[in-house]
Amino acid sequence: MSLAVVVFSGGQDSTTCLAWARSRFDEVHALTFDYGQRHRAELAAARRIAKRAGVRHVVVNLHGFGQVSASALTRRNVKVRADGGLGGLPSTFTPGRNLVFLTVAASYAVSHGAADLVTGVCQTDYSGYPDCRRSTIDAVEQAIKLGNGLDAFRIHTPLMDLTKAETVRLAVELGALPLLAESHTCYQGARPACGTCPACVLRRRGFFEAGVPDPIAYRLADAASN
């Protein structure tokens with residue numbers, strides 16, 4: 001049986017990747033990281049989606065990471081902004097987060113006999129995070145193979161070159177809209193989602209351009225149609 005491990009936050013992209021992995025592998029494990037993020041809503045969303053998808057769900061305690069890594073996602077005194085982060089990046093950029101997640105997920109995968117890791121990073125329609133770029137993922141994949149003495153190990157990035165609208169269309173093809181109805185994207189941690197933070201705006205635009213109704217609710221009455 002083929003086994004894939006999905007780095008799973010409970011957000012739109014990782015939920016789409018979970019559905020993608022289920023369509024291609026015999027067994028899927030979803031790995032969620034409790035890294036001291038401000039909003040616990042995403043952990044609750046991850047649990048709901050994994051249960052609905054019928055996949056094994058493992059929550060990894062990485063609280064220490066949130067204590068040493070400052071961003072708007074880990075510190076309440078840091079505002080969500082399009083800049084203000086390291087090197088002028090968005091304040092939501094959490095230095096090293098994907099590098100840590102992929103390394104820990106790879107350890108889990110190797111320990112369970114899996115050579116396939118799936119992550120929802122994207123360099124086409126994203127916030128400028130350097131750890132979402134193809135060059136970063138390729139480097140991490142090579143480091144994992146070298147560091148574990150592996151000839152074969154692959155990090156799958158099915159969304160890497162897709163726009164948000166294309167990601168929505170892929171989710172529709174995969175029958176993932178019921179799972180996306182449970183997903184959490186909002187940087188404000190709101191449920192219903194705020195509709196105005198950068199993550200909500202990007203998600204709303206993707207559904208609008210794809211011509212697909214977003215299955216989640218927004219606080220603003222007109223948010224889903226803008």
# chains A, B, ... in the order shown; residues from 1 in each chain; ligands from 1
$ residues_around --residues "A:Thr196" --least-positions-apart "5" --cutoff "10 Å" --atoms "only C-alpha atoms" --output "list in words"
Cys186, Tyr187, Gln188, Val201, Leu202, Arg204, Tyr218, Arg219, Leu220 and Ala223 of chain A
$ select_by_dssp --residues "stretch 94-125 of chain A" --states "helix (DSSP H, G or I)" --output "PyMOL selection string"
chain A and resi 97-111
$ write_last_selection --atoms "N, CA and C atoms" --output "CSV table (one decimal), in the first residue's frame"
chain,number,residue,atom,x,y,z
A,97,ARG,N,9.1,28.5,9.4
A,97,ARG,CA,8.0,27.6,9.7
A,97,ARG,C,7.9,26.4,8.8
A,98,ASN,N,7.9,26.7,7.5
A,98,ASN,CA,7.8,25.5,6.6
A,98,ASN,C,9.0,24.6,6.6
A,99,LEU,N,10.2,25.2,6.9
A,99,LEU,CA,11.4,24.4,6.9
A,99,LEU,C,11.2,23.4,8.1
A,100,VAL,N,10.8,23.9,9.2
A,100,VAL,CA,10.6,23.0,10.4
A,100,VAL,C,9.5,22.0,10.2
A,101,PHE,N,8.3,22.5,9.7
A,101,PHE,CA,7.2,21.5,9.4
A,101,PHE,C,7.6,20.4,8.5
A,102,LEU,N,8.3,20.7,7.4
A,102,LEU,CA,8.6,19.7,6.4
A,102,LEU,C,9.7,18.7,7.0
A,103,THR,N,10.6,19.2,7.8
A,103,THR,CA,11.6,18.3,8.4
A,103,THR,C,10.9,17.4,9.4
A,104,VAL,N,10.1,17.9,10.2
A,104,VAL,CA,9.4,17.0,11.2
A,104,VAL,C,8.5,16.0,10.5
A,105,ALA,N,7.7,16.5,9.5
A,105,ALA,CA,6.8,15.7,8.7
A,105,ALA,C,7.6,14.6,8.0
A,106,ALA,N,8.8,14.9,7.5
A,106,ALA,CA,9.6,13.9,6.8
A,106,ALA,C,10.1,12.8,7.8
A,107,SER,N,10.4,13.2,9.0
A,107,SER,CA,10.8,12.3,10.1
A,107,SER,C,9.7,11.3,10.3
A,108,TYR,N,8.4,11.9,10.4
A,108,TYR,CA,7.3,11.0,10.6
A,108,TYR,C,7.1,10.1,9.5
A,109,ALA,N,7.2,10.6,8.2
A,109,ALA,CA,7.0,9.8,7.0
A,109,ALA,C,8.0,8.7,7.0
A,110,VAL,N,9.3,9.0,7.1
A,110,VAL,CA,10.3,8.0,7.1
A,110,VAL,C,10.1,6.9,8.1
A,111,SER,N,9.7,7.3,9.3
A,111,SER,CA,9.4,6.4,10.4
A,111,SER,C,8.3,5.4,10.1
$ closest_residue --among "A:Gln12, A:Thr119, A:Ser183, A:Asn61" --to "A:Gln37" --atoms "only C-alpha atoms"
A:Asn61
$ residues_around --residues "A:Arg133" --least-positions-apart "3" --cutoff "8 Å" --atoms "only C-alpha atoms" --output "MDAnalysis selection string"
chainID A and resid 121:123 129:130 136:137 160
$ closest_residue --among "A:Val55, A:Ala115, A:Val6, A:Cys194" --to "A:Lys145" --atoms "only C-alpha atoms"
A:Ala115
$ residues_around --residues "A:Ala190" --least-positions-apart "5" --cutoff "12 Å" --atoms "only C-alpha atoms" --output "ChimeraX atom specification"
/A:38-42,45,183-185,195-197,199-200,216-220
$ write_last_selection --atoms "N, CA and C atoms" --output "mmCIF file, in the first residue's frame"
data_model
loop_
_atom_site.group_PDB
_atom_site.id
_atom_site.type_symbol
_atom_site.label_atom_id
_atom_site.label_comp_id
_atom_site.auth_asym_id
_atom_site.auth_seq_id
_atom_site.Cartn_x
_atom_site.Cartn_y
_atom_site.Cartn_z
ATOM 1 N N ARG A 38 -1.612 31.905 17.323
ATOM 2 C CA ARG A 38 -2.579 32.699 18.089
ATOM 3 C C ARG A 38 -3.981 32.118 18.036
ATOM 4 N N HIS A 39 -4.351 31.617 16.885
ATOM 5 C CA HIS A 39 -5.736 31.224 16.681
ATOM 6 C C HIS A 39 -5.893 29.703 16.715
ATOM 7 N N ARG A 40 -6.580 29.226 17.726
ATOM 8 C CA ARG A 40 -6.779 27.790 17.886
ATOM 9 C C ARG A 40 -7.824 27.268 16.904
ATOM 10 N N ALA A 41 -8.508 28.191 16.235
ATOM 11 C CA ALA A 41 -9.574 27.785 15.305
ATOM 12 C C ALA A 41 -9.040 26.876 14.209
ATOM 13 N N GLU A 42 -7.793 27.095 13.785
ATOM 14 C CA GLU A 42 -7.278 26.264 12.702
ATOM 15 C C GLU A 42 -7.036 24.834 13.164
ATOM 16 N N ALA A 45 -10.388 23.213 13.102
ATOM 17 C CA ALA A 45 -10.769 22.947 11.719
ATOM 18 C C ALA A 45 -10.058 21.711 11.198
ATOM 19 N N SER A 183 -13.020 24.374 6.545
ATOM 20 C CA SER A 183 -11.657 24.910 6.600
ATOM 21 C C SER A 183 -11.601 26.291 7.241
ATOM 22 N N HIS A 184 -10.403 26.651 7.697
ATOM 23 C CA HIS A 184 -10.187 27.958 8.336
ATOM 24 C C HIS A 184 -9.042 28.670 7.639
ATOM 25 N N THR A 185 -9.304 29.892 7.180
ATOM 26 C CA THR A 185 -8.299 30.674 6.458
ATOM 27 C C THR A 185 -7.986 31.999 7.144
ATOM 28 N N GLY A 195 -13.350 38.276 6.401
ATOM 29 C CA GLY A 195 -13.584 38.693 5.025
ATOM 30 C C GLY A 195 -12.691 39.810 4.541
ATOM 31 N N THR A 196 -11.880 40.401 5.438
ATOM 32 C CA THR A 196 -11.082 41.570 5.053
ATOM 33 C C THR A 196 -9.580 41.413 5.243
ATOM 34 N N CYS A 197 -9.133 40.419 5.995
ATOM 35 C CA CYS A 197 -7.688 40.223 6.175
ATOM 36 C C CYS A 197 -7.094 39.716 4.866
ATOM 37 N N ALA A 199 -5.575 37.024 3.993
ATOM 38 C CA ALA A 199 -5.891 35.628 3.670
ATOM 39 C C ALA A 199 -7.329 35.492 3.185
ATOM 40 N N CYS A 200 -8.256 36.199 3.841
ATOM 41 C CA CYS A 200 -9.657 36.147 3.415
ATOM 42 C C CYS A 200 -9.837 36.759 2.029
ATOM 43 N N ILE A 216 -17.683 28.629 2.981
ATOM 44 C CA ILE A 216 -17.623 29.147 4.351
ATOM 45 C C ILE A 216 -18.388 30.467 4.442
ATOM 46 N N ALA A 217 -18.723 30.851 5.677
ATOM 47 C CA ALA A 217 -19.439 32.101 5.918
ATOM 48 C C ALA A 217 -18.458 33.211 6.275
ATOM 49 N N TYR A 218 -18.837 34.446 5.931
ATOM 50 C CA TYR A 218 -18.044 35.627 6.264
ATOM 51 C C TYR A 218 -18.883 36.567 7.119
ATOM 52 N N ARG A 219 -18.201 37.348 7.930
ATOM 53 C CA ARG A 219 -18.908 38.301 8.788
ATOM 54 C C ARG A 219 -19.559 39.401 7.968
ATOM 55 N N LEU A 220 -18.882 39.854 6.908
ATOM 56 C CA LEU A 220 -19.437 40.908 6.072
ATOM 57 C C LEU A 220 -20.481 40.312 5.142
#
$ atom_distance --atom1 "atom CA of A:Lys164" --atom2 "atom CA of A:Arg134"
16.8 Å
$ residues_around --residues "A:Trp20" --least-positions-apart "4" --cutoff "12 Å" --atoms "only C-alpha atoms" --output "NGL selection string"
:A and (4-6 or 13-16 or 24-28 or 53 or 117-120 or 156-159 or 167 or 170-176 or 179)
$ closest_residue --among "A:Arg56, A:Val7, A:Phe207, A:Thr94" --to "A:Gly128" --atoms "only C-alpha atoms"
A:Thr94
$ atom_distance --atom1 "atom CA of A:His63" --atom2 "atom CA of A:Val140"
22.4 Å
$ decode --residues "stretch 111-167 of chain A" --atoms "C-alpha atoms" --output "mmCIF file, in the first residue's frame"
data_model
loop_
_atom_site.group_PDB
_atom_site.id
_atom_site.type_symbol
_atom_site.label_atom_id
_atom_site.label_comp_id
_atom_site.auth_asym_id
_atom_site.auth_seq_id
_atom_site.Cartn_x
_atom_site.Cartn_y
_atom_site.Cartn_z
ATOM 1 C CA SER A 111 9.440 6.386 10.431
ATOM 2 C CA HIS A 112 6.198 5.061 8.925
ATOM 3 C CA GLY A 113 7.765 3.788 5.712
ATOM 4 C CA ALA A 114 6.435 6.611 3.544
ATOM 5 C CA ALA A 115 8.470 8.264 0.789
ATOM 6 C CA ASP A 116 5.847 10.847 -0.155
ATOM 7 C CA LEU A 117 5.149 14.135 1.587
ATOM 8 C CA VAL A 118 2.476 16.602 0.437
ATOM 9 C CA THR A 119 2.352 20.324 1.197
ATOM 10 C CA GLY A 120 0.140 23.164 -0.018
ATOM 11 C CA VAL A 121 2.816 25.776 -0.686
ATOM 12 C CA CYS A 122 2.363 27.958 -3.763
ATOM 13 C CA GLN A 123 4.640 30.468 -5.467
ATOM 14 C CA THR A 124 2.083 31.771 -7.990
ATOM 15 C CA ASP A 125 -0.641 33.359 -5.894
ATOM 16 C CA TYR A 126 0.752 33.860 -2.414
ATOM 17 C CA SER A 127 1.987 36.501 0.026
ATOM 18 C CA GLY A 128 5.650 36.492 -0.978
ATOM 19 C CA TYR A 129 6.845 33.968 1.596
ATOM 20 C CA PRO A 130 10.291 32.677 0.537
ATOM 21 C CA ASP A 131 9.651 29.257 2.121
ATOM 22 C CA CYS A 132 6.809 28.689 -0.369
ATOM 23 C CA ARG A 133 9.027 28.873 -3.455
ATOM 24 C CA ARG A 134 10.001 25.950 -5.662
ATOM 25 C CA SER A 135 13.710 26.545 -5.019
ATOM 26 C CA THR A 136 13.171 26.218 -1.259
ATOM 27 C CA ILE A 137 11.137 23.032 -1.536
ATOM 28 C CA ASP A 138 13.675 21.444 -3.886
ATOM 29 C CA ALA A 139 16.470 22.272 -1.446
ATOM 30 C CA VAL A 140 14.549 20.836 1.517
ATOM 31 C CA GLU A 141 13.737 17.669 -0.429
ATOM 32 C CA GLN A 142 17.402 17.174 -1.242
ATOM 33 C CA ALA A 143 18.425 17.819 2.374
ATOM 34 C CA ILE A 144 15.887 15.258 3.613
ATOM 35 C CA LYS A 145 17.223 12.633 1.240
ATOM 36 C CA LEU A 146 20.828 13.335 2.182
ATOM 37 C CA GLY A 147 20.128 13.611 5.907
ATOM 38 C CA ASN A 148 18.221 10.320 6.014
ATOM 39 C CA GLY A 149 20.320 8.346 3.552
ATOM 40 C CA LEU A 150 17.428 8.022 1.112
ATOM 41 C CA ASP A 151 17.537 7.487 -2.629
ATOM 42 C CA ALA A 152 13.830 8.158 -3.042
ATOM 43 C CA PHE A 153 11.791 10.766 -1.223
ATOM 44 C CA ARG A 154 9.478 13.318 -2.780
ATOM 45 C CA ILE A 155 7.774 16.468 -1.548
ATOM 46 C CA HIS A 156 4.649 16.884 -3.663
ATOM 47 C CA THR A 157 3.433 20.453 -4.210
ATOM 48 C CA PRO A 158 0.240 20.125 -6.299
ATOM 49 C CA LEU A 159 -0.619 23.826 -5.894
ATOM 50 C CA MET A 160 2.831 25.271 -6.553
ATOM 51 C CA ASP A 161 2.053 26.821 -9.946
ATOM 52 C CA LEU A 162 -1.692 27.368 -9.570
ATOM 53 C CA THR A 163 -3.541 30.605 -8.986
ATOM 54 C CA LYS A 164 -6.121 30.640 -6.202
ATOM 55 C CA ALA A 165 -8.878 30.337 -8.817
ATOM 56 C CA GLU A 166 -7.173 27.265 -10.295
ATOM 57 C CA THR A 167 -6.838 25.812 -6.797
#
